[in-house]
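J.: Sharing a structure with you now.
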Amino acid sequence: MTDLSPDNPLLFFGCGNMGRAMLDGWLRSDINPAAFIIVDPAAADYPAGVQHFTDAALYAGQVSTAVIAVKPQMFPQLAPRLSALLHPDARAISVMAGVRLDQLADALPGRQIIRLMPNLAAALGKSPLGLCAAQQAAASRLAIEELVSPLGTPVWIEDEALMDAVTALAGSGPAFVYRFIEALSRAGEALGLDPDIASKLAMAMVDGAVDLAANSDLSPQELATRVTSPGGTTAAGLAVLDADEALAMLVGDTLRAARDRGVELAKS
């Protein structure tokens, strides 16, 4: 269990799509809504009981845990406002892509800084959670894992330079999967299926395939082999995907582009 409570609340500094997914994930684990504070002028339709402010000045110097979920390019100008809210020993968890630990430490001196890369599946408690922090003691890591575990599976990344790759794979990855689902559905339509039926079949197929892979001792490659009969329909389709390693190259280029954008953000 986390130690979040109305007397020890977590502050969301910015609460867009990603922040809201995290909030929903924590609320799903039966944490009191009053244990959360949102500071975001644009936030709307937040759950009953969650506190919402445009500046939360009354909490100045009192916040012990904060999630930083503003746009990376906005952080430099907003950092002084956040720093004023944080307790001197506060824990600040950034989900901003491309903003490095040293940049966060400079903006929020003395605070415990953690980078976290989740995705929207945090709302269901099923997000991969890439974590990176400078020189965290084992006890601190355990506390951080306990805090974020209602959102998914924590994985520590020792080399911060790899956080851009984590962002590309775990953070941006769902969008790439959704594109693939959409492509499957459209391909089914092109073969004559009703659009609604094609969409339902594609969604159910991906859901079942992912669930099976996640709960199997076999690798995805081995599972694909199990599905494939020599000379059969699956083999014919895989021959197209595997030709000249076209799929592997496309996915590699996709992740590289996302990774490189994270690197660019860090330099801006």
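The way I read the labels, and the way they are meant: chains A, B, ... in the order of the structure tokens, residue 1 as the first residue of every chain, and ligand 1 as the first ligand shown, with later ones counted on from there.
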Name the residues of segment 23-112 of chain A that fall into helix (DSSP H, G or I) according to DSSP on the backbone, using the chain letters and numbers of this document, as a ChimeraX atom specification.

T.: /A:23-28,33-35,57-59,72-85,101-107

J.: So which residues touch segment 95-108 of chain A within 9 Å, counting only C-alpha atoms, skipping near sequence neighbours fewer than 3 positions away, as a PyMOL selection string?

T.: chain A and resi 18-19+67-72+75-76+79-80+82-83+86+92+111-118+132-134+160-161+163-164+167+171+261-267

J.: Provide the atom CA of Ser185 of chain A to atom CA of Leu250 of chain A distance in Å, to one decimal place.

T.: 19.3 Å

J.: Any chance you could list, as a list in words, the residues in segment 110-252 of chain A that come up strand (DSSP E or B) when DSSP is run on the backbone?

T.: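 Written out, the strand (DSSP E or B) residues of segment 110-252 of chain A are Gln112, Ile113, Ile114, Arg115, Leu116, Met117, Ser127, Pro128, Leu129, Gly130, Leu131, Cys132, Ala133, Gly152, Thr153, Pro154, Val155 and Trp156 of chain A.
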
J.: Take the residues just selected and output them with N, CA and C atoms as a short mmCIF file (atom, residue, chain, number, x, y, z; two decimals), in the first residue's frame.

T.:
data_model
loop_
_atom_site.label_atom_id
_atom_site.label_comp_id
_atom_site.auth_asym_id
_atom_site.auth_seq_id
_atom_site.Cartn_x
_atom_site.Cartn_y
_atom_site.Cartn_z
N GLN A 112 14.17 15.05 -3.97
CA GLN A 112 14.45 13.71 -4.50
C GLN A 112 13.79 13.63 -5.88
N ILE A 113 14.60 13.45 -6.91
CA ILE A 113 14.10 13.52 -8.28
C ILE A 113 14.04 12.12 -8.90
N ILE A 114 12.89 11.81 -9.47
CA ILE A 114 12.69 10.53 -10.15
C ILE A 114 12.07 10.80 -11.51
N ARG A 115 12.56 10.13 -12.53
CA ARG A 115 11.90 10.15 -13.83
C ARG A 115 11.08 8.88 -13.97
N LEU A 116 9.87 9.02 -14.47
CA LEU A 116 8.96 7.90 -14.66
C LEU A 116 8.37 7.97 -16.06
N MET A 117 8.41 6.87 -16.80
CA MET A 117 7.77 6.84 -18.11
C MET A 117 6.69 5.76 -18.11
N SER A 127 0.34 -0.51 -16.99
CA SER A 127 1.38 0.21 -17.73
C SER A 127 2.76 -0.32 -17.37
N PRO A 128 3.67 -0.40 -18.35
CA PRO A 128 5.08 -0.53 -18.00
C PRO A 128 5.52 0.79 -17.38
N LEU A 129 6.38 0.73 -16.38
CA LEU A 129 6.77 1.93 -15.66
C LEU A 129 8.30 2.02 -15.63
N GLY A 130 8.86 2.72 -16.62
CA GLY A 130 10.30 2.91 -16.64
C GLY A 130 10.71 3.96 -15.62
N LEU A 131 11.59 3.59 -14.69
CA LEU A 131 12.00 4.48 -13.60
C LEU A 131 13.49 4.75 -13.68
N CYS A 132 13.88 5.98 -13.39
CA CYS A 132 15.29 6.34 -13.36
C CYS A 132 15.49 7.41 -12.30
N ALA A 133 16.51 7.24 -11.48
CA ALA A 133 16.79 8.23 -10.43
C ALA A 133 18.28 8.18 -10.12
N GLY A 152 1.06 -0.21 -12.59
CA GLY A 152 1.61 -1.21 -13.51
C GLY A 152 2.86 -1.87 -12.97
N THR A 153 3.82 -2.14 -13.87
CA THR A 153 5.02 -2.89 -13.52
C THR A 153 6.25 -1.99 -13.54
N PRO A 154 6.86 -1.73 -12.36
CA PRO A 154 8.04 -0.87 -12.32
C PRO A 154 9.28 -1.59 -12.86
N VAL A 155 10.07 -0.88 -13.66
CA VAL A 155 11.34 -1.39 -14.18
C VAL A 155 12.37 -0.28 -14.05
N TRP A 156 13.46 -0.53 -13.31
CA TRP A 156 14.48 0.49 -13.12
C TRP A 156 15.45 0.52 -14.30
#

J.: For each of A:Leu201, A:Asp30, A:Val39, A:Val251, take the minimum atom-to-atom distance to Gly16 of chain A, counting only C-alpha atoms, then give the residue where this is smallest.

T.: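 Of A:Leu201, A:Asp30, A:Val39, A:Val251, the one nearest Gly16 of chain A, counting only C-alpha atoms, is A:Val39.
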
J.: Figure out the distance between atom CA of Arg179 of chain A and atom CA of Ala202 of chain A, please, to one decimal in Å.

T.: 11.6 Å

J.: Which is closest to Asp159 of chain A among A:Leu142, A:Gln135, A:Asp89, A:Ala122, if we use only C-alpha atoms?

T.: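 Of A:Leu142, A:Gln135, A:Asp89, A:Ala122, the one nearest Asp159 of chain A is A:Gln135, counting only C-alpha atoms.
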
J.: May I have a table of the residues of segment 77-128 of chain A lying at most 8 Å from segment 50-62 of chain A, giving each one's closest pair of atoms and their distance in Å to one decimal, counting only C-alpha atoms, ordered by chain and ascending residue number, as JSON lines?

T.:
{"residue": "A:Arg81", "atom": "CA", "partner": "A:Asp55", "partner_atom": "CA", "distance": 8.0}
{"residue": "A:Ala84", "atom": "CA", "partner": "A:Ala60", "partner_atom": "CA", "distance": 5.7}
{"residue": "A:Leu85", "atom": "CA", "partner": "A:Ala60", "partner_atom": "CA", "distance": 4.0}
{"residue": "A:Leu86", "atom": "CA", "partner": "A:Gly61", "partner_atom": "CA", "distance": 4.8}
{"residue": "A:His87", "atom": "CA", "partner": "A:Gly61", "partner_atom": "CA", "distance": 4.5}
{"residue": "A:Pro88", "atom": "CA", "partner": "A:Gly61", "partner_atom": "CA", "distance": 7.2}

J.: Go ahead and write the selection's residues with N, CA and C atoms as a short mmCIF file (atom, residue, chain, number, x, y, z; two decimals), in the first residue's frame.

T.:
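Saved result, selection32.cif, follows:
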data_model
loop_
_atom_site.label_atom_id
_atom_site.label_comp_id
_atom_site.auth_asym_id
_atom_site.auth_seq_id
_atom_site.Cartn_x
_atom_site.Cartn_y
_atom_site.Cartn_z
N ARG A 81 7.12 27.97 -9.68
CA ARG A 81 5.83 27.81 -9.01
C ARG A 81 5.75 26.46 -8.30
N ALA A 84 8.04 26.27 -5.17
CA ALA A 84 7.48 26.98 -4.01
C ALA A 84 6.47 26.12 -3.25
N LEU A 85 5.87 25.15 -3.92
CA LEU A 85 4.89 24.29 -3.28
C LEU A 85 5.53 23.12 -2.54
N LEU A 86 6.74 22.72 -2.98
CA LEU A 86 7.35 21.51 -2.47
C LEU A 86 8.04 21.70 -1.13
N HIS A 87 7.89 20.70 -0.27
CA HIS A 87 8.66 20.64 0.97
C HIS A 87 10.14 20.49 0.61
N PRO A 88 11.06 20.97 1.43
CA PRO A 88 12.49 20.86 1.10
C PRO A 88 12.95 19.43 0.85
#
